[in-house]
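Structure below is run-v8.cif: mmCIF, C-alpha atoms.
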```cif
data_target
#
loop_
_atom_site.label_atom_id
_atom_site.label_comp_id
_atom_site.auth_asym_id
_atom_site.auth_seq_id
_atom_site.Cartn_x
_atom_site.Cartn_y
_atom_site.Cartn_z
CA MET A 15 5.34 51.84 -8.66
CA SER A 16 2.71 51.33 -5.94
CA TYR A 17 2.56 48.40 -3.57
CA GLN A 18 0.06 46.83 -1.18
CA LYS A 19 0.96 45.91 2.37
CA LEU A 20 0.08 42.42 3.58
CA SER A 21 -2.85 42.12 5.97
CA ARG A 22 -2.43 40.40 9.31
CA ASP A 23 -4.11 37.30 7.90
CA GLN A 24 -1.79 37.30 4.89
CA ILE A 25 1.24 37.47 7.19
CA ALA A 26 -0.14 34.54 9.20
CA GLU A 27 -0.75 32.54 6.03
CA ARG A 28 2.80 33.23 4.86
CA VAL A 29 4.30 32.01 8.15
CA ALA A 30 2.18 28.85 8.00
CA GLN A 31 3.91 27.93 4.74
CA ASP A 32 7.27 27.75 6.54
CA ILE A 33 6.19 25.49 9.42
CA PRO A 34 7.33 21.95 8.59
CA ASP A 35 5.45 18.72 9.07
CA GLY A 36 5.92 17.28 12.55
CA ALA A 37 6.97 20.58 14.17
CA TYR A 38 6.16 21.52 17.76
CA VAL A 39 5.23 25.20 17.64
CA ASN A 40 4.21 27.88 20.12
CA LEU A 41 2.06 30.70 18.71
CA GLY A 42 2.39 33.94 20.65
CA ILE A 43 -0.50 36.21 21.61
CA GLY A 44 -1.97 38.41 18.89
CA LEU A 45 -1.15 37.99 15.21
CA PRO A 46 0.70 34.64 15.63
CA THR A 47 -2.46 32.91 16.87
CA LYS A 48 -4.00 33.46 13.43
CA ILE A 49 -1.48 30.99 11.98
CA SER A 50 -3.57 28.08 13.26
CA ASN A 51 -6.21 29.03 10.68
CA TYR A 52 -3.80 28.45 7.78
CA LEU A 53 -1.98 25.23 8.65
CA PRO A 54 -2.79 22.70 5.90
CA ALA A 55 -4.67 19.56 6.89
CA ASP A 56 -1.98 17.33 5.38
CA LYS A 57 0.61 18.60 7.89
CA ASP A 58 0.91 17.28 11.43
CA VAL A 59 1.85 20.39 13.42
CA PHE A 60 1.65 20.21 17.21
CA LEU A 61 0.63 23.62 18.53
CA HIS A 62 1.68 24.46 22.09
CA SER A 63 0.24 27.13 24.37
CA GLU A 64 2.05 28.27 27.50
CA ASN A 65 -1.08 27.92 29.65
CA GLY A 66 -0.87 24.14 29.16
CA LEU A 67 -2.15 22.88 25.81
CA LEU A 68 -0.54 20.69 23.17
CA ALA A 69 -1.96 19.70 19.78
CA PHE A 70 -4.81 22.19 19.61
CA GLY A 71 -6.49 23.30 16.43
CA PRO A 72 -8.16 26.36 14.93
CA PRO A 73 -10.92 28.32 16.67
CA PRO A 74 -14.32 26.66 16.95
CA VAL A 75 -17.41 27.76 15.10
CA LYS A 76 -18.61 31.06 16.58
CA GLY A 77 -20.82 30.45 19.60
CA LEU A 78 -19.54 26.92 20.22
CA GLY A 79 -16.40 27.73 22.21
CA ASP A 80 -15.61 25.76 25.36
CA PRO A 81 -14.53 28.18 28.16
CA GLU A 82 -12.14 25.51 29.45
CA LEU A 83 -10.32 25.32 26.10
CA ILE A 84 -8.51 28.61 25.55
CA ASN A 85 -5.01 29.59 24.45
CA ALA A 86 -2.65 32.00 26.23
CA GLY A 87 -4.42 34.90 24.55
CA LYS A 88 -7.74 33.81 26.12
CA GLU A 89 -9.10 32.83 22.70
CA TYR A 90 -11.23 29.74 22.17
CA VAL A 91 -9.48 26.80 20.51
CA THR A 92 -10.37 23.26 19.50
CA MET A 93 -8.41 20.13 20.44
CA LEU A 94 -7.15 17.71 17.83
CA ILE A 95 -7.21 13.94 18.24
CA GLY A 96 -4.40 13.07 20.67
CA GLY A 97 -4.23 16.61 22.06
CA SER A 98 -3.65 17.16 25.76
CA PHE A 99 -3.73 19.76 28.50
CA PHE A 100 -1.52 19.91 31.58
CA HIS A 101 -0.05 21.96 34.42
CA HIS A 102 1.34 25.42 33.70
CA GLY A 103 4.67 24.37 35.21
CA ASP A 104 4.98 21.43 32.83
CA SER A 105 4.23 23.75 29.93
CA PHE A 106 7.08 26.08 30.91
CA ALA A 107 9.38 23.07 31.32
CA MET A 108 8.70 22.27 27.66
CA MET A 109 9.51 25.86 26.70
CA ARG A 110 12.68 26.12 28.76
CA GLY A 111 13.90 22.61 27.97
CA GLY A 112 14.38 23.13 24.24
CA HIS A 113 11.42 20.94 23.28
CA LEU A 114 9.78 23.45 20.92
CA ASP A 115 10.94 23.61 17.32
CA ILE A 116 9.55 27.09 16.61
CA ALA A 117 8.13 29.99 18.60
CA VAL A 118 6.25 32.64 16.62
CA LEU A 119 6.19 35.94 18.51
CA GLY A 120 5.26 39.57 18.01
CA ALA A 121 7.74 42.41 18.47
CA PHE A 122 8.15 46.06 19.38
CA GLN A 123 11.68 45.99 17.92
CA VAL A 124 14.12 43.53 16.36
CA ALA A 125 17.82 44.43 16.14
CA ALA A 126 20.18 43.64 13.28
CA ASN A 127 21.89 40.92 15.35
CA GLY A 128 18.61 39.20 16.25
CA ASP A 129 18.00 40.80 19.64
CA LEU A 130 14.27 40.96 20.43
CA ALA A 131 12.17 43.47 22.41
CA ASN A 132 8.52 42.54 22.79
CA TRP A 133 7.49 42.83 26.44
CA HIS A 134 7.88 46.51 27.37
CA THR A 135 8.46 49.81 25.58
CA GLY A 136 10.20 51.30 28.58
CA ALA A 137 7.63 54.08 28.82
CA ALA A 138 6.71 55.07 32.37
CA ASP A 139 2.99 54.53 31.78
CA ALA A 140 3.35 51.29 29.76
CA ILE A 141 2.02 48.03 31.18
CA PRO A 142 4.69 45.28 30.99
CA ALA A 143 3.43 42.05 29.43
CA VAL A 144 6.24 39.53 29.53
CA GLY A 145 4.16 36.33 29.90
CA GLY A 146 6.31 33.48 28.59
CA ALA A 147 8.10 35.57 25.95
CA MET A 148 11.55 35.36 27.53
CA ASP A 149 11.29 31.61 28.03
CA LEU A 150 10.18 31.12 24.42
CA ALA A 151 12.80 33.46 22.98
CA VAL A 152 15.68 31.49 24.50
CA GLY A 153 14.08 28.04 24.71
CA ALA A 154 12.71 27.44 21.20
CA LYS A 155 15.06 26.05 18.55
CA LYS A 156 13.93 28.79 16.13
CA VAL A 157 12.19 32.11 16.69
CA PHE A 158 10.00 33.67 14.00
CA ILE A 159 8.73 37.24 14.40
CA THR A 160 5.51 38.66 12.95
CA THR A 161 5.16 42.44 12.98
CA ASP A 162 4.29 45.57 11.06
CA HIS A 163 7.40 46.95 9.38
CA ILE A 164 6.94 50.38 10.97
CA THR A 165 4.97 51.74 13.93
CA LYS A 166 1.79 53.81 13.59
CA GLN A 167 4.03 56.83 14.11
CA GLY A 168 6.17 55.81 11.13
CA GLU A 169 9.20 54.66 13.15
CA PRO A 170 11.08 51.52 12.05
CA LYS A 171 10.63 48.39 14.14
CA ILE A 172 13.72 46.74 12.64
CA VAL A 173 16.66 48.68 14.06
CA GLU A 174 20.42 48.55 14.38
CA THR A 175 20.28 48.20 18.18
CA LEU A 176 17.33 47.97 20.58
CA SER A 177 16.11 51.06 22.38
CA TYR A 178 13.46 49.09 24.30
CA PRO A 179 14.16 46.57 27.09
CA ALA A 180 15.34 43.26 25.62
CA THR A 181 13.34 40.05 25.75
CA GLY A 182 16.12 37.84 24.35
CA LEU A 183 19.54 38.37 22.80
CA LYS A 184 20.50 37.07 19.33
CA CYS A 185 17.44 34.83 19.35
CA VAL A 186 15.49 35.81 16.20
CA ASP A 187 15.90 33.68 13.07
CA ARG A 188 13.33 35.12 10.66
CA ILE A 189 11.14 38.25 10.52
CA TYR A 190 7.80 38.42 8.69
CA THR A 191 6.45 41.94 8.22
CA ASP A 192 3.63 43.44 6.19
CA LEU A 193 6.28 44.36 3.57
CA CYS A 194 8.84 41.55 3.47
CA VAL A 195 10.46 38.42 4.88
CA ILE A 196 13.94 38.82 6.38
CA ASP A 197 16.41 36.18 7.52
CA VAL A 198 18.71 37.12 10.41
CA THR A 199 22.14 35.75 9.46
CA ILE A 200 25.74 36.11 10.58
CA ASP A 201 26.24 38.29 7.49
CA GLY A 202 23.32 40.58 8.33
CA LEU A 203 19.63 41.01 7.60
CA LYS A 204 18.84 39.31 4.29
CA VAL A 205 15.60 40.26 2.54
CA ILE A 206 14.39 37.06 0.87
CA GLU A 207 10.93 38.31 -0.16
CA LYS A 208 9.14 41.65 -0.48
CA VAL A 209 5.69 42.67 -1.59
CA GLU A 210 5.18 43.23 -5.29
CA GLY A 211 5.85 46.78 -6.42
CA LEU A 212 8.10 47.70 -3.47
CA SER A 213 11.67 48.51 -4.43
CA PHE A 214 14.56 47.42 -2.25
CA GLU A 215 15.58 51.07 -1.88
CA ALA A 216 12.12 52.02 -0.59
CA LEU A 217 12.18 49.11 1.85
CA GLN A 218 15.61 50.15 3.09
CA ALA A 219 14.33 53.68 3.69
CA LEU A 220 11.65 52.27 6.02
CA THR A 221 14.17 50.18 7.97
CA GLY A 222 16.42 51.30 10.80
CA ALA A 223 19.19 48.80 10.03
CA GLN A 224 21.19 47.90 6.94
CA LEU A 225 19.56 45.28 4.73
CA ILE A 226 21.02 42.82 2.23
CA ASN A 227 19.02 42.25 -0.96
CA ALA A 228 18.69 38.50 -1.48
CA THR A 229 15.53 38.75 -3.63
CA GLN A 230 15.39 38.24 -7.37
CA GLY A 231 13.86 41.64 -8.06
#
```
In structure tokens, what does this structure look like?
Amino acid sequence: MSYQKLSRDQIAERVAQDIPDGAYVNLGIGLPTKISNYLPADKDVFLHSENGLLAFGPPPVKGLGDPELINAGKEYVTMLIGGSFFHHGDSFAMMRGGHLDIAVLGAFQVAANGDLANWHTGAADAIPAVGGAMDLAVGAKKVFITTDHITKQGEPKIVETLSYPATGLKCVDRIYTDLCVIDVTIDGLKVIEKVEGLSFEALQALTGAQLINATQG
């Protein structure tokens, strides 16, 4: 049976469903920033950006961006009523002080025990890009990961142990890929959802760590 991978926007929309009302959330650079487009209007979600924004909204209409209102990925944002901006140091104090409910980050690799690598591949010619990733990985109450299930070279990004430099240890709570949703638990990696038409066996074959089938199909 054939299956269709989720697009980046579909992954973002899926994550948005799991963000509860009243949550303080940091959206990492790249795919996670798309989540702001899918947060329902009836939820009060306070989005945080490490460059010093709180309670910002989706991107503005094209051509109407304010160059003084950007997120950590240098993308234009809008500010919601009651939103604020502040010193970079205060922003990192929020991250390090356990004041964020959820951080949504990208990943190069996630290990079976929840270890995260997302700042450097270890390659000699790679450009490290740590930003606030380490602070978010250990400071947020929960860490969600958005990523493709495999690399462009066909290598698994969910592995038994990291081969790339670690960002945080045992910090990941849930993984959203273009093929499935996985909870990181003390019993192992539990697949709670997968795309229609993809068998558990096929998913396991694309994964570098043992999975537990917690889906209905």
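Using all atoms listed in the file, the shortest contact distance between Gly44 (chain A) and any of A:Lys156, A:Lys88, A:Lys204, A:Arg28 is found at A:Lys88.
Nearest residue to Glu27 (chain A), choosing from A:Asn132, A:Phe99, A:Tyr190, A:Asn227 and counting all atoms listed in the file: A:Tyr190.
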Pick from A:Gly168, A:Gly202, A:Pro74, A:Pro179 nearest to Gly136 (chain A), counting only C-alpha atoms: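 The shortest atom-to-atom distance to Gly136 (chain A) comes from A:Pro179.
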Hits of the PyMOL selection byres ((chain A and resi 122-130) around 9) in this structure, as a ChimeraX atom specification: /A:120-121,131-135,151,159,161,165,170-189,198-200,202-203,222-225
Residues selected by the PyMOL selection byres ((chain A and resi 87) around 10), written as a PyMOL selection string: chain A and resi 41-44+47+63-65+84-86+88-90
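Reported to one decimal place, the separation of CA of Val59 (chain A) from CA of Ala37 (chain A) is 5.2 Å.
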One-decimal distance in Å that lies between CA of Val75 (chain A) and CA of Val91 (chain A):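 Between CA of Val91 (chain A) and CA of Val75 (chain A) the gap is 9.6 Å.
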Interatomic distance, CA of Gln18 (chain A) to CA of Leu45 (chain A) (Å, one decimal):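 Separation between CA of Gln18 (chain A) and CA of Leu45 (chain A): 18.7 Å.
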Result set, the PyMOL selection byres ((chain A and resi 71) around 7) on current file, as number ranges by chain: A: 50, 69-70, 72-73, 91-94
Given all atoms listed in the file as the counted atoms, nearest of A:Tyr17, A:Asp139, A:Pro54, A:Gly111 to Ser213 (chain A):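 The shortest atom-to-atom distance to Ser213 (chain A) comes from A:Tyr17.
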Who sits within 10 Å of Asp35 (chain A), all atoms listed in the file, same chain under 2 positions skipped, as a list in words: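 Here the answer would be Asp32, Ile33, Ala37, Tyr38, Leu53, Pro54, Asp56, Lys57, Asp58, Val59 and Phe60 of chain A.
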12 Å contact set for Leu212 (chain A), all atoms listed in the file, chain neighbours under 6 positions out, as a PyMOL selection string: chain A and resi 15-20+192-194+218-220+229+231
Selection: 8 Å around His102 (chain A), all atoms listed in the file, excl. self and same-chain fewer than 2 positions, as a ChimeraX atom specification: /A:64-66,100,104-106
Selection export as an mmCIF file, in the frame of the given file, atoms kept: C-alpha atoms:
```cif
data_model
loop_
_atom_site.group_PDB
_atom_site.id
_atom_site.type_symbol
_atom_site.label_atom_id
_atom_site.label_comp_id
_atom_site.auth_asym_id
_atom_site.auth_seq_id
_atom_site.Cartn_x
_atom_site.Cartn_y
_atom_site.Cartn_z
ATOM 1 C CA GLU A 64 2.050 28.270 27.500
ATOM 2 C CA ASN A 65 -1.080 27.920 29.650
ATOM 3 C CA GLY A 66 -0.870 24.140 29.160
ATOM 4 C CA PHE A 100 -1.520 19.910 31.580
ATOM 5 C CA ASP A 104 4.980 21.430 32.830
ATOM 6 C CA SER A 105 4.230 23.750 29.930
ATOM 7 C CA PHE A 106 7.080 26.080 30.910
#
```
Among the residues A:Gly103, A:Gly96, A:Gly112, A:Gly79, the one that comes closest to Val157 (chain A) [using all atoms listed in the file]: A:Gly112
Which residue of A:Ala30, A:Thr191, A:Ala228, A:Leu78 approaches Lys48 (chain A) most closely, using all atoms listed in the file: A:Ala30
Since the input has fewer atoms than a full residue there, write region 62-73 of chain A out with all heavy atoms, as an mmCIF file, in the coordinates of the input.
```cif
data_model
loop_
_atom_site.group_PDB
_atom_site.id
_atom_site.type_symbol
_atom_site.label_atom_id
_atom_site.label_comp_id
_atom_site.auth_asym_id
_atom_site.auth_seq_id
_atom_site.Cartn_x
_atom_site.Cartn_y
_atom_site.Cartn_z
ATOM 1 N N HIS A 62 1.485 24.402 20.648
ATOM 2 C CA HIS A 62 1.680 24.460 22.090
ATOM 3 C C HIS A 62 1.257 25.838 22.595
ATOM 4 O O HIS A 62 1.534 26.853 21.956
ATOM 5 C CB HIS A 62 3.166 24.206 22.413
ATOM 6 C CG HIS A 62 3.538 24.488 23.831
ATOM 7 N ND1 HIS A 62 3.886 25.739 24.283
ATOM 8 C CD2 HIS A 62 3.633 23.666 24.904
ATOM 9 C CE1 HIS A 62 4.176 25.682 25.569
ATOM 10 N NE2 HIS A 62 4.036 24.441 25.968
ATOM 11 N N SER A 63 0.592 25.865 23.735
ATOM 12 C CA SER A 63 0.240 27.130 24.370
ATOM 13 C C SER A 63 0.776 27.120 25.791
ATOM 14 O O SER A 63 0.678 26.110 26.495
ATOM 15 C CB SER A 63 -1.278 27.328 24.382
ATOM 16 O OG SER A 63 -1.609 28.588 24.932
ATOM 17 N N GLU A 64 1.333 28.245 26.225
ATOM 18 C CA GLU A 64 2.050 28.270 27.500
ATOM 19 C C GLU A 64 1.137 28.043 28.703
ATOM 20 O O GLU A 64 1.624 27.740 29.797
ATOM 21 C CB GLU A 64 2.799 29.594 27.658
ATOM 22 C CG GLU A 64 1.916 30.812 27.698
ATOM 23 C CD GLU A 64 2.627 32.056 27.204
ATOM 24 O OE1 GLU A 64 3.098 32.069 26.063
ATOM 25 O OE2 GLU A 64 2.702 33.027 27.973
ATOM 26 N N ASN A 65 -0.183 28.198 28.528
ATOM 27 C CA ASN A 65 -1.080 27.920 29.650
ATOM 28 C C ASN A 65 -1.390 26.441 29.802
ATOM 29 O O ASN A 65 -2.161 26.066 30.682
ATOM 30 C CB ASN A 65 -2.380 28.737 29.519
ATOM 31 C CG ASN A 65 -3.135 28.435 28.241
ATOM 32 O OD1 ASN A 65 -2.541 28.366 27.170
ATOM 33 N ND2 ASN A 65 -4.437 28.269 28.335
ATOM 34 N N GLY A 66 -0.781 25.580 28.948
ATOM 35 C CA GLY A 66 -0.870 24.140 29.160
ATOM 36 C C GLY A 66 -1.682 23.360 28.158
ATOM 37 O O GLY A 66 -2.490 22.509 28.537
ATOM 38 N N LEU A 67 -1.474 23.635 26.870
ATOM 39 C CA LEU A 67 -2.150 22.880 25.810
ATOM 40 C C LEU A 67 -1.119 22.385 24.809
ATOM 41 O O LEU A 67 -0.128 23.064 24.530
ATOM 42 C CB LEU A 67 -3.148 23.769 25.053
ATOM 43 C CG LEU A 67 -4.334 24.365 25.802
ATOM 44 C CD1 LEU A 67 -5.118 25.266 24.864
ATOM 45 C CD2 LEU A 67 -5.219 23.272 26.359
ATOM 46 N N LEU A 68 -1.367 21.219 24.255
ATOM 47 C CA LEU A 68 -0.540 20.690 23.170
ATOM 48 C C LEU A 68 -1.436 19.988 22.165
ATOM 49 O O LEU A 68 -2.314 19.212 22.541
ATOM 50 C CB LEU A 68 0.512 19.711 23.702
ATOM 51 C CG LEU A 68 1.531 19.211 22.673
ATOM 52 C CD1 LEU A 68 2.416 20.346 22.167
ATOM 53 C CD2 LEU A 68 2.409 18.116 23.266
ATOM 54 N N ALA A 69 -1.185 20.274 20.901
ATOM 55 C CA ALA A 69 -1.960 19.700 19.780
ATOM 56 C C ALA A 69 -3.381 20.240 19.763
ATOM 57 O O ALA A 69 -4.352 19.491 19.737
ATOM 58 C CB ALA A 69 -1.934 18.188 19.782
ATOM 59 N N PHE A 70 -3.485 21.584 19.784
ATOM 60 C CA PHE A 70 -4.810 22.190 19.610
ATOM 61 C C PHE A 70 -4.954 22.655 18.170
ATOM 62 O O PHE A 70 -4.000 22.740 17.417
ATOM 63 C CB PHE A 70 -5.041 23.346 20.600
ATOM 64 C CG PHE A 70 -4.134 24.536 20.436
ATOM 65 C CD1 PHE A 70 -4.486 25.594 19.599
ATOM 66 C CD2 PHE A 70 -2.937 24.625 21.139
ATOM 67 C CE1 PHE A 70 -3.672 26.700 19.465
ATOM 68 C CE2 PHE A 70 -2.109 25.732 21.010
ATOM 69 C CZ PHE A 70 -2.474 26.770 20.168
ATOM 70 N N GLY A 71 -6.189 22.937 17.804
ATOM 71 C CA GLY A 71 -6.490 23.300 16.430
ATOM 72 C C GLY A 71 -7.015 24.713 16.306
ATOM 73 O O GLY A 71 -6.868 25.534 17.223
ATOM 74 N N PRO A 72 -7.642 25.018 15.178
ATOM 75 C CA PRO A 72 -8.160 26.360 14.930
ATOM 76 C C PRO A 72 -9.327 26.697 15.843
ATOM 77 O O PRO A 72 -9.850 25.829 16.551
ATOM 78 C CB PRO A 72 -8.586 26.302 13.461
ATOM 79 C CG PRO A 72 -8.858 24.864 13.208
ATOM 80 C CD PRO A 72 -7.889 24.104 14.048
ATOM 81 N N PRO A 73 -9.772 27.946 15.833
ATOM 82 C CA PRO A 73 -10.920 28.320 16.670
ATOM 83 C C PRO A 73 -12.166 27.544 16.296
ATOM 84 O O PRO A 73 -12.329 27.119 15.151
ATOM 85 C CB PRO A 73 -11.093 29.818 16.371
ATOM 86 C CG PRO A 73 -9.792 30.261 15.805
ATOM 87 C CD PRO A 73 -9.221 29.087 15.090
#
```
